[in-house]
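Quick look at target-v6.cif (mmCIF, C-alpha atoms):
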```
data_entry
loop_
_atom_site.label_atom_id
_atom_site.label_comp_id
_atom_site.auth_asym_id
_atom_site.auth_seq_id
_atom_site.Cartn_x
_atom_site.Cartn_y
_atom_site.Cartn_z
CA MET A 153 46.32 88.29 94.65
CA TYR A 154 42.88 87.19 95.81
CA GLU A 155 43.92 84.67 98.42
CA GLU A 156 44.29 87.27 101.17
CA PRO A 157 43.71 90.74 99.71
CA THR A 158 43.44 93.95 101.67
CA ILE A 159 39.82 95.12 101.51
CA GLY A 160 38.58 98.69 101.98
CA ILE A 161 35.04 99.91 102.58
CA ILE A 162 34.25 103.53 101.74
CA GLY A 163 31.28 104.33 103.97
CA GLY A 164 32.34 101.71 106.49
CA SER A 165 30.42 103.30 109.36
CA GLY A 166 27.06 103.17 107.56
CA TRP A 167 24.48 100.51 108.31
CA LEU A 168 25.35 98.37 105.29
CA GLY A 169 29.11 98.99 105.26
CA ARG A 170 29.45 98.20 108.95
CA SER A 171 27.30 95.05 108.62
CA ILE A 172 29.45 93.75 105.77
CA ALA A 173 32.67 94.54 107.63
CA LEU A 174 31.48 92.60 110.68
CA ALA A 175 30.29 89.67 108.53
CA MET A 176 33.65 89.38 106.78
CA LEU A 177 35.51 89.54 110.08
CA ASP A 178 33.21 87.09 111.86
CA LYS A 179 33.59 84.57 109.02
CA ALA A 180 37.39 85.16 108.94
CA PHE A 181 37.06 86.12 105.28
CA VAL A 182 39.41 89.01 106.02
CA GLN A 183 41.78 89.53 108.95
CA PRO A 184 41.41 92.75 110.98
CA GLY A 185 44.82 93.97 109.83
CA ALA A 186 43.76 93.59 106.18
CA LEU A 187 40.55 95.66 106.49
CA VAL A 188 40.42 99.43 106.00
CA LEU A 189 37.31 101.56 106.64
CA SER A 190 36.77 105.18 105.75
CA ASN A 191 34.34 107.69 107.17
CA ARG A 192 34.29 111.42 107.81
CA SER A 193 35.35 111.18 111.47
CA ALA A 194 38.05 108.49 111.06
CA SER A 195 36.57 106.74 114.12
CA ASN A 196 36.26 102.96 114.28
CA PRO A 197 32.57 101.95 114.01
CA LEU A 198 33.44 98.39 115.11
CA THR A 199 33.25 98.93 118.85
CA SER A 200 34.52 95.51 119.93
CA ALA A 201 38.12 95.61 121.16
CA LYS A 202 38.94 92.51 119.11
CA TRP A 203 38.59 94.58 115.94
CA SER A 204 41.01 97.29 117.08
CA GLN A 205 43.51 96.30 114.36
CA VAL A 206 41.11 97.49 111.66
CA THR A 207 42.48 100.63 110.02
CA VAL A 208 40.15 103.64 109.86
CA THR A 209 40.76 106.80 107.85
CA SER A 210 38.89 109.88 106.69
CA ASP A 211 40.86 109.92 103.42
CA ASN A 212 39.21 107.81 100.72
CA GLN A 213 42.24 107.93 98.45
CA GLU A 214 44.45 106.68 101.27
CA LEU A 215 42.08 103.72 101.61
CA VAL A 216 42.35 103.01 97.88
CA GLU A 217 46.13 103.08 97.95
CA ARG A 218 46.20 100.59 100.85
CA CYS A 219 43.74 98.12 99.29
CA GLU A 220 43.41 95.72 96.38
CA VAL A 221 39.61 95.55 96.72
CA VAL A 222 37.54 98.70 97.27
CA ILE A 223 33.89 98.50 98.31
CA VAL A 224 31.88 101.70 97.84
CA SER A 225 28.97 101.73 100.29
CA VAL A 226 27.57 105.25 100.22
CA ARG A 227 24.22 106.68 99.17
CA PRO A 228 24.00 107.26 95.39
CA GLU A 229 23.67 111.02 95.80
CA GLN A 230 26.89 111.05 97.85
CA PHE A 231 28.92 109.33 95.14
CA ALA A 232 29.85 112.65 93.52
CA GLU A 233 31.74 113.52 96.72
CA VAL A 234 33.79 110.30 96.61
CA GLU A 235 36.78 111.46 94.56
CA ILE A 236 39.08 108.47 94.17
CA PHE A 237 41.38 107.01 91.54
CA ALA A 238 41.30 103.22 91.80
CA GLU A 239 42.97 101.97 88.65
CA ASN A 240 43.94 98.27 88.80
CA ARG A 241 41.74 97.70 91.86
CA LEU A 242 38.59 95.64 91.98
CA VAL A 243 35.84 98.13 92.81
CA ILE A 244 32.57 96.78 94.22
CA SER A 245 29.73 99.30 94.19
CA LEU A 246 26.80 98.84 96.56
CA MET A 247 25.03 101.98 95.33
CA ALA A 248 21.50 101.59 94.03
CA GLY A 249 21.04 102.61 90.43
CA VAL A 250 24.55 103.91 89.76
CA SER A 251 25.57 102.29 86.47
CA LEU A 252 28.74 100.35 85.82
CA GLU A 253 29.85 103.04 83.39
CA ASP A 254 29.39 105.76 86.02
CA VAL A 255 31.51 103.82 88.50
CA VAL A 256 34.20 103.23 85.85
CA GLN A 257 34.29 106.90 84.90
CA ARG A 258 34.44 108.21 88.45
CA THR A 259 36.90 105.70 89.91
CA GLY A 260 39.29 105.00 87.04
CA SER A 261 38.87 101.24 87.47
CA ARG A 262 37.60 99.04 84.66
CA GLN A 263 37.31 96.07 87.02
CA VAL A 264 33.95 96.98 88.54
CA ILE A 265 31.15 94.96 90.10
CA ARG A 266 27.74 96.41 90.85
CA ALA A 267 25.99 94.60 93.68
CA MET A 268 22.70 95.15 95.47
CA ALA A 269 22.89 93.99 99.06
CA ASN A 270 20.18 94.89 101.54
CA ALA A 271 19.63 95.53 105.24
CA ALA A 272 19.35 91.80 105.98
CA ALA A 273 23.16 91.73 105.70
CA GLU A 274 23.07 92.73 109.36
CA ILE A 275 21.80 89.23 110.24
CA GLY A 276 23.64 87.39 107.46
CA LYS A 277 20.49 86.98 105.33
CA SER A 278 20.94 89.42 102.45
CA TYR A 279 20.25 88.21 98.93
CA THR A 280 22.78 90.03 96.73
CA PRO A 281 22.51 90.03 92.92
CA TRP A 282 25.60 91.38 91.16
CA LEU A 283 26.85 92.39 87.73
CA ALA A 284 30.45 92.69 86.48
CA THR A 285 32.22 94.56 83.71
CA GLN A 286 33.91 92.48 81.02
CA GLN A 287 37.32 93.25 82.51
CA VAL A 288 36.53 91.46 85.78
CA SER A 289 38.35 88.12 85.76
CA GLU A 290 36.84 84.77 86.70
CA GLU A 291 39.09 84.76 89.76
CA GLN A 292 37.73 88.13 90.82
CA LYS A 293 34.17 86.97 90.24
CA ALA A 294 34.71 83.90 92.41
CA PHE A 295 36.21 86.11 95.10
CA ALA A 296 33.23 88.49 94.98
CA GLN A 297 30.73 85.62 95.21
CA CYS A 298 32.49 84.32 98.33
CA LEU A 299 32.55 87.82 99.81
CA PHE A 300 28.79 88.28 99.28
CA GLU A 301 28.13 84.86 100.79
CA THR A 302 29.64 86.00 104.09
CA PHE A 303 26.41 87.93 104.68
CA GLY A 304 23.83 85.82 102.79
CA GLY A 305 23.28 84.43 99.30
CA ALA A 306 24.21 85.90 95.91
CA ASP A 307 23.76 85.44 92.17
CA GLU A 308 25.54 86.93 89.18
CA VAL A 309 23.23 88.60 86.64
CA PHE A 310 24.17 89.76 83.18
CA SER A 311 22.37 93.02 82.45
CA GLU A 312 21.87 96.36 84.20
CA ARG A 313 18.16 96.12 83.45
CA HIS A 314 17.94 92.94 85.52
CA LEU A 315 20.04 94.41 88.32
CA ASN A 316 17.90 97.56 88.43
CA TYR A 317 14.77 95.43 88.66
CA LEU A 318 16.30 93.35 91.45
CA THR A 319 17.20 96.57 93.24
CA ALA A 320 13.46 97.22 93.40
CA LEU A 321 12.61 93.64 94.33
CA VAL A 322 15.26 92.64 96.88
CA GLY A 323 17.36 95.76 97.49
CA THR A 324 14.47 97.01 99.60
CA GLY A 325 15.28 94.32 102.16
CA PRO A 326 12.61 93.99 104.85
CA ALA A 327 10.56 96.98 103.64
CA TYR A 328 7.80 95.05 101.88
CA PRO A 329 7.30 92.43 104.63
CA ALA A 330 7.43 95.29 107.17
CA LEU A 331 4.65 97.09 105.29
CA LEU A 332 2.55 93.92 105.33
CA ALA A 333 3.21 93.49 109.07
CA ARG A 334 2.11 97.08 109.71
CA SER A 335 -1.13 96.62 107.74
CA LEU A 336 -1.91 93.42 109.63
CA PHE A 337 -1.15 95.15 112.93
CA GLN A 338 -3.33 98.18 112.18
CA HIS A 339 -6.28 96.02 111.15
CA ALA A 340 -5.93 93.88 114.27
CA VAL A 341 -5.92 96.96 116.52
CA SER A 342 -8.90 98.45 114.68
CA SER A 343 -10.71 95.15 115.33
CA GLY A 344 -10.21 95.58 119.07
CA LEU A 345 -7.11 93.53 119.85
CA PRO A 346 -4.71 94.95 122.46
CA PRO A 347 -1.72 96.51 120.63
CA ALA A 348 0.85 94.21 122.24
CA ILE A 349 -1.00 91.08 121.11
CA ALA A 350 -1.72 92.58 117.68
CA GLN A 351 1.96 93.32 117.21
CA ARG A 352 3.14 89.84 118.18
CA ALA A 353 0.48 88.20 116.02
CA SER A 354 1.19 90.29 112.90
CA HIS A 355 4.94 89.80 113.22
CA ALA A 356 4.44 86.06 113.67
CA VAL A 357 2.49 85.85 110.40
CA VAL A 358 5.37 87.41 108.43
CA VAL A 359 8.06 85.32 110.14
CA GLN A 360 6.10 82.07 109.74
CA ALA A 361 5.63 82.72 106.01
CA SER A 362 9.36 83.17 105.42
CA GLN A 363 10.19 80.03 107.37
CA LEU A 364 7.61 77.86 105.60
CA ILE A 365 8.59 79.08 102.14
CA GLY A 366 12.22 78.32 102.92
CA ASP A 367 11.40 74.83 104.19
CA GLY A 368 11.38 73.03 100.85
CA ARG A 369 7.99 74.38 99.74
CA SER A 370 7.44 76.61 96.74
CA VAL A 371 5.18 79.62 97.16
CA ASP A 372 2.56 78.12 94.82
CA GLU A 373 2.57 74.80 96.71
CA LEU A 374 2.11 76.55 100.04
CA LEU A 375 -0.72 78.76 98.78
CA GLN A 376 -2.52 75.90 97.04
CA THR A 377 -2.30 73.71 100.14
CA LEU A 378 -3.87 76.47 102.23
CA ILE A 379 -6.51 77.33 99.63
CA ASN A 380 -7.55 73.67 99.32
CA TYR A 381 -8.88 73.74 102.88
CA ARG A 382 -11.54 76.19 101.65
CA GLY A 383 -11.83 77.67 105.10
CA VAL A 384 -10.80 80.90 106.80
CA THR A 385 -7.48 81.19 104.95
CA ALA A 386 -9.08 80.71 101.53
CA ALA A 387 -11.69 83.36 102.31
CA GLY A 388 -9.00 85.86 103.26
CA LEU A 389 -6.87 85.14 100.19
CA ASP A 390 -9.83 85.32 97.82
CA ALA A 391 -10.90 88.70 99.20
CA MET A 392 -7.37 90.14 99.05
CA LEU A 393 -6.87 89.03 95.44
CA ALA A 394 -10.31 90.31 94.43
CA SER A 395 -9.46 93.69 95.97
CA GLY A 396 -6.38 94.05 93.78
CA PHE A 397 -3.56 92.69 95.93
CA ASP A 398 -1.53 91.53 92.91
CA LYS A 399 -2.15 94.83 91.11
CA THR A 400 -0.95 96.80 94.13
CA ILE A 401 2.27 94.77 94.36
CA LYS A 402 2.91 95.19 90.64
CA ALA A 403 2.39 98.96 90.88
CA GLY A 404 4.85 99.19 93.77
CA LEU A 405 7.54 97.16 92.01
CA ASP A 406 7.08 99.05 88.74
CA SER A 407 7.51 102.36 90.56
CA ALA A 408 10.56 101.19 92.53
CA ALA A 409 12.18 99.71 89.40
CA SER A 410 11.60 102.95 87.51
CA VAL A 411 13.42 104.92 90.19
CA ALA A 412 16.25 102.36 90.35
CA SER A 413 16.74 102.69 86.59
CA CYS A 414 17.23 106.44 86.68
CA MET A 415 19.05 106.93 89.99
CA ASN A 416 22.37 107.05 88.15
CA LEU A 417 21.48 110.65 87.43
CA PHE A 418 22.69 111.35 90.98
CA ALA A 419 26.18 110.34 89.90
CA HIS A 420 26.22 113.25 87.46
CA SER A 421 25.30 115.88 90.04
CA ALA A 422 28.91 117.09 90.14
CA ASP A 423 29.79 116.83 86.44
CA THR A 424 30.98 120.41 86.50
CA LYS A 425 33.64 119.50 89.07
CA GLU A 426 37.03 117.99 88.31
CA GLY A 427 36.50 114.22 88.27
CA PRO A 428 38.84 111.45 89.44
CA MET A 429 39.82 110.59 85.88
CA THR A 430 41.55 113.99 85.51
CA ARG A 431 43.22 114.21 88.88
#
```

Please express the file's structure as structure tokens.
Amino acid sequence: MYEEPTIGIIGGSGWLGRSIALAMLDKAFVQPGALVLSNRSASNPLTSAKWSQVTVTSDNQELVERCEVVIVSVRPEQFAEVEIFAENRLVISLMAGVSLEDVVQRTGSRQVIRAMANAAAEIGKSYTPWLATQQVSEEQKAFAQCLFETFGGADEVFSERHLNYLTALVGTGPAYPALLARSLFQHAVSSGLPPAIAQRASHAVVVQASQLIGDGRSVDELLQTLINYRGVTAAGLDAMLASGFDKTIKAGLDSAASVASCMNLFAHSADTKEGPMTR
């Protein structure tokens, strides 16, 4: 079944859904004729003519009936509008904070994987933690790991608490480095640098850090090497830490993790409506 399955993406025209579709096609993980996308307009978001064989529909249930694997890539608050019955399909949810049980109840599938990809999927650099229900087979897990690796790296985790925390840590994608880059830029401009130079310099700092950390060095090794020079870098690090840098990061992650843990409330926003389990 999982050698060449038909794969559907509900929300296939969104930023994440479209990025994943293109990654799977570019890596030949799925053939165009075995990929189905759904969106409200039923228009193909993959503008290249070579992807014209991809099927696009505005009917989510039609997508489910065509596919063995269904990826749900919509905003959590939109999940209540996704009325599907996907029994005996592998359902992969990319919705932040929506619990496994919510996905099971609203889709009719007991073979469910929750995954937290991020915007770096667009450049094949997402880190995607994922969690599976007990009914997901080892074959399905191996398939999902390969799928996630088409747009970056991935790890299986074994509790919703860990996945919710990782939603706060890595599901944010480039947001935290972008915030750092903005702070560096604003300080450089306030110190008199021309904006164009300030922008290139602040962006370079963030990019250089990611490249050096990924070059066989641990974070602690890199920091200690720089601190040991006891020069300009050490002075900057000491002042940032003394001003509460670590405390600020902890506060941000605690707040984000708290929201990720309760976002599944969005999935209940339509509990008064007829759900997919009773269709």

Provide the atom CA of A:Cys414 to atom CA of A:Ile244 distance in Å, to one decimal place.
->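 Taking atom CA of A:Cys414 as the start and atom CA of A:Ile244 as the end point, the length is 19.6 Å.
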
Within 10 Å of (31.9, 90.5, 100.1) (coordinates as in the file), grab all the protein and nucleic acid residues, counting all atoms listed in the file, and write them out as a ChimeraX atom specification.
-> /A:159,172-173,175-176,181-182,221,223,244,267,269,280,295-304,306

Residue members of the PyMOL selection byres ((chain A and resi 211-217) around 12) in the file shown, as a ChimeraX atom specification = /A:158-164,186-195,206-210,218-226,231,233-243,259-261,428,431

Record the distance separating atom CA of A:Val250 and atom CA of A:Arg227, expressed in Å with one decimal.
-> 9.8 Å

Residue list as an NGL selection string for point (26.4, 94.5, 105.7), cut-off 8 Å, all atoms listed in the file = :A and (167-175 or 269-274 or 276 or 303)

So that I can see what lies close to stretch 331-337 of chain A, please list as a PDB file with C-alpha atoms, in the coordinates of the input the residues with an atom at most 7 Å from it, counting only C-alpha atoms and leaving out residues fewer than 3 positions away in the same chain.
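Everything below was put into result.pdb:
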```pdb
ATOM      1  CA  ALA A 327      10.560  96.980 103.640  1.00  0.00           C
ATOM      2  CA  TYR A 328       7.800  95.050 101.880  1.00  0.00           C
ATOM      3  CA  ALA A 340      -5.930  93.880 114.270  1.00  0.00           C
ATOM      4  CA  VAL A 341      -5.920  96.960 116.520  1.00  0.00           C
ATOM      5  CA  ALA A 350      -1.720  92.580 117.680  1.00  0.00           C
ATOM      6  CA  GLN A 351       1.960  93.320 117.210  1.00  0.00           C
ATOM      7  CA  SER A 354       1.190  90.290 112.900  1.00  0.00           C
ATOM      8  CA  HIS A 355       4.940  89.800 113.220  1.00  0.00           C
ATOM      9  CA  VAL A 358       5.370  87.410 108.430  1.00  0.00           C
TER      10      VAL A 358
END
```

Neighbouring residues of A:Ala284 were defined as those with any atom within 12 Å, considering all atoms listed in the file; residues of the same chain fewer than 2 positions away were excluded. Please report them as a PDB file with C-alpha atoms, in the coordinates of the input.
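Below you can see part_22.pdb, which holds the result:
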```pdb
ATOM      1  CA  LEU A 242      38.590  95.640  91.980  1.00  0.00           C
ATOM      2  CA  VAL A 243      35.840  98.130  92.810  1.00  0.00           C
ATOM      3  CA  ILE A 244      32.570  96.780  94.220  1.00  0.00           C
ATOM      4  CA  SER A 245      29.730  99.300  94.190  1.00  0.00           C
ATOM      5  CA  SER A 251      25.570 102.290  86.470  1.00  0.00           C
ATOM      6  CA  LEU A 252      28.740 100.350  85.820  1.00  0.00           C
ATOM      7  CA  GLU A 253      29.850 103.040  83.390  1.00  0.00           C
ATOM      8  CA  VAL A 255      31.510 103.820  88.500  1.00  0.00           C
ATOM      9  CA  VAL A 256      34.200 103.230  85.850  1.00  0.00           C
ATOM     10  CA  ARG A 262      37.600  99.040  84.660  1.00  0.00           C
ATOM     11  CA  GLN A 263      37.310  96.070  87.020  1.00  0.00           C
ATOM     12  CA  VAL A 264      33.950  96.980  88.540  1.00  0.00           C
ATOM     13  CA  ILE A 265      31.150  94.960  90.100  1.00  0.00           C
ATOM     14  CA  ARG A 266      27.740  96.410  90.850  1.00  0.00           C
ATOM     15  CA  ALA A 267      25.990  94.600  93.680  1.00  0.00           C
ATOM     16  CA  PRO A 281      22.510  90.030  92.920  1.00  0.00           C
ATOM     17  CA  TRP A 282      25.600  91.380  91.160  1.00  0.00           C
ATOM     18  CA  GLN A 286      33.910  92.480  81.020  1.00  0.00           C
ATOM     19  CA  GLN A 287      37.320  93.250  82.510  1.00  0.00           C
ATOM     20  CA  VAL A 288      36.530  91.460  85.780  1.00  0.00           C
ATOM     21  CA  SER A 289      38.350  88.120  85.760  1.00  0.00           C
ATOM     22  CA  GLU A 290      36.840  84.770  86.700  1.00  0.00           C
ATOM     23  CA  GLN A 292      37.730  88.130  90.820  1.00  0.00           C
ATOM     24  CA  LYS A 293      34.170  86.970  90.240  1.00  0.00           C
ATOM     25  CA  ALA A 294      34.710  83.900  92.410  1.00  0.00           C
ATOM     26  CA  ALA A 296      33.230  88.490  94.980  1.00  0.00           C
ATOM     27  CA  GLN A 297      30.730  85.620  95.210  1.00  0.00           C
ATOM     28  CA  ASP A 307      23.760  85.440  92.170  1.00  0.00           C
ATOM     29  CA  GLU A 308      25.540  86.930  89.180  1.00  0.00           C
ATOM     30  CA  VAL A 309      23.230  88.600  86.640  1.00  0.00           C
ATOM     31  CA  PHE A 310      24.170  89.760  83.180  1.00  0.00           C
ATOM     32  CA  SER A 311      22.370  93.020  82.450  1.00  0.00           C
ATOM     33  CA  GLU A 312      21.870  96.360  84.200  1.00  0.00           C
ATOM     34  CA  LEU A 315      20.040  94.410  88.320  1.00  0.00           C
TER      35      LEU A 315
END
```

Interatomic distance (Å, one decimal) between atom CA of A:Ala408 and atom CA of A:Gly325 |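 If I compute the distance from atom CA of A:Ala408 to atom CA of A:Gly325, I get 12.7 Å.
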
Nearest to A:Ala248 among A:Met268, A:Ala403, A:Leu364, A:Val371, with distances taken over only C-alpha atoms: which residue is it?
->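 Closest residue, counting only C-alpha atoms: A:Met268.
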
Would you kindly translate the PyMOL selection byres ((chain A and resi 413) around 8) into the concrete residues it picks from this file, as a list in words?
-> Gly249, Arg313, Asn316, Tyr317, Ala409, Ser410, Val411, Ala412, Cys414, Met415 and Asn416 of chain A

Using the atoms already present, construct N, CA, C and O atoms for stretch 166-180 of chain A and hand them back as a PDB file, keeping the file's coordinate frame.
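Result written to result36.pdb:
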```pdb
ATOM      1  N   GLY A 166      28.493 103.241 107.847  1.00  0.00           N
ATOM      2  CA  GLY A 166      27.060 103.170 107.560  1.00  0.00           C
ATOM      3  C   GLY A 166      26.485 101.822 107.923  1.00  0.00           C
ATOM      4  O   GLY A 166      27.216 100.863 108.185  1.00  0.00           O
ATOM      5  N   TRP A 167      25.173 101.740 107.918  1.00  0.00           N
ATOM      6  CA  TRP A 167      24.480 100.510 108.310  1.00  0.00           C
ATOM      7  C   TRP A 167      24.975  99.330 107.484  1.00  0.00           C
ATOM      8  O   TRP A 167      25.400  98.303 108.014  1.00  0.00           O
ATOM      9  N   LEU A 168      24.962  99.475 106.155  1.00  0.00           N
ATOM     10  CA  LEU A 168      25.350  98.370 105.290  1.00  0.00           C
ATOM     11  C   LEU A 168      26.852  98.106 105.346  1.00  0.00           C
ATOM     12  O   LEU A 168      27.292  96.959 105.487  1.00  0.00           O
ATOM     13  N   GLY A 169      27.661  99.159 105.237  1.00  0.00           N
ATOM     14  CA  GLY A 169      29.110  98.990 105.260  1.00  0.00           C
ATOM     15  C   GLY A 169      29.591  98.326 106.538  1.00  0.00           C
ATOM     16  O   GLY A 169      30.437  97.421 106.515  1.00  0.00           O
ATOM     17  N   ARG A 170      29.065  98.770 107.649  1.00  0.00           N
ATOM     18  CA  ARG A 170      29.450  98.200 108.950  1.00  0.00           C
ATOM     19  C   ARG A 170      29.007  96.734 109.049  1.00  0.00           C
ATOM     20  O   ARG A 170      29.764  95.880 109.528  1.00  0.00           O
ATOM     21  N   SER A 171      27.791  96.426 108.579  1.00  0.00           N
ATOM     22  CA  SER A 171      27.300  95.050 108.620  1.00  0.00           C
ATOM     23  C   SER A 171      28.185  94.114 107.812  1.00  0.00           C
ATOM     24  O   SER A 171      28.500  92.998 108.225  1.00  0.00           O
ATOM     25  N   ILE A 172      28.603  94.577 106.633  1.00  0.00           N
ATOM     26  CA  ILE A 172      29.450  93.750 105.770  1.00  0.00           C
ATOM     27  C   ILE A 172      30.834  93.576 106.387  1.00  0.00           C
ATOM     28  O   ILE A 172      31.411  92.483 106.352  1.00  0.00           O
ATOM     29  N   ALA A 173      31.367  94.643 106.971  1.00  0.00           N
ATOM     30  CA  ALA A 173      32.670  94.540 107.630  1.00  0.00           C
ATOM     31  C   ALA A 173      32.626  93.490 108.744  1.00  0.00           C
ATOM     32  O   ALA A 173      33.512  92.625 108.839  1.00  0.00           O
ATOM     33  N   LEU A 174      31.600  93.547 109.577  1.00  0.00           N
ATOM     34  CA  LEU A 174      31.480  92.600 110.680  1.00  0.00           C
ATOM     35  C   LEU A 174      31.292  91.168 110.171  1.00  0.00           C
ATOM     36  O   LEU A 174      31.852  90.222 110.736  1.00  0.00           O
ATOM     37  N   ALA A 175      30.506  91.014 109.088  1.00  0.00           N
ATOM     38  CA  ALA A 175      30.290  89.670 108.530  1.00  0.00           C
ATOM     39  C   ALA A 175      31.601  89.084 108.017  1.00  0.00           C
ATOM     40  O   ALA A 175      31.917  87.916 108.275  1.00  0.00           O
ATOM     41  N   MET A 176      32.381  89.881 107.311  1.00  0.00           N
ATOM     42  CA  MET A 176      33.650  89.380 106.780  1.00  0.00           C
ATOM     43  C   MET A 176      34.619  89.028 107.893  1.00  0.00           C
ATOM     44  O   MET A 176      35.338  88.024 107.817  1.00  0.00           O
ATOM     45  N   LEU A 177      34.634  89.819 108.953  1.00  0.00           N
ATOM     46  CA  LEU A 177      35.510  89.540 110.080  1.00  0.00           C
ATOM     47  C   LEU A 177      35.050  88.304 110.849  1.00  0.00           C
ATOM     48  O   LEU A 177      35.856  87.441 111.200  1.00  0.00           O
ATOM     49  N   ASP A 178      33.740  88.227 111.103  1.00  0.00           N
ATOM     50  CA  ASP A 178      33.210  87.090 111.860  1.00  0.00           C
ATOM     51  C   ASP A 178      33.442  85.764 111.137  1.00  0.00           C
ATOM     52  O   ASP A 178      33.681  84.733 111.767  1.00  0.00           O
ATOM     53  N   LYS A 179      33.384  85.795 109.811  1.00  0.00           N
ATOM     54  CA  LYS A 179      33.590  84.570 109.020  1.00  0.00           C
ATOM     55  C   LYS A 179      35.075  84.355 108.697  1.00  0.00           C
ATOM     56  O   LYS A 179      35.418  83.417 107.974  1.00  0.00           O
ATOM     57  N   ALA A 180      35.946  85.234 109.210  1.00  0.00           N
ATOM     58  CA  ALA A 180      37.390  85.160 108.940  1.00  0.00           C
ATOM     59  C   ALA A 180      37.692  85.237 107.444  1.00  0.00           C
ATOM     60  O   ALA A 180      38.686  84.700 106.975  1.00  0.00           O
TER      61      ALA A 180
END
```
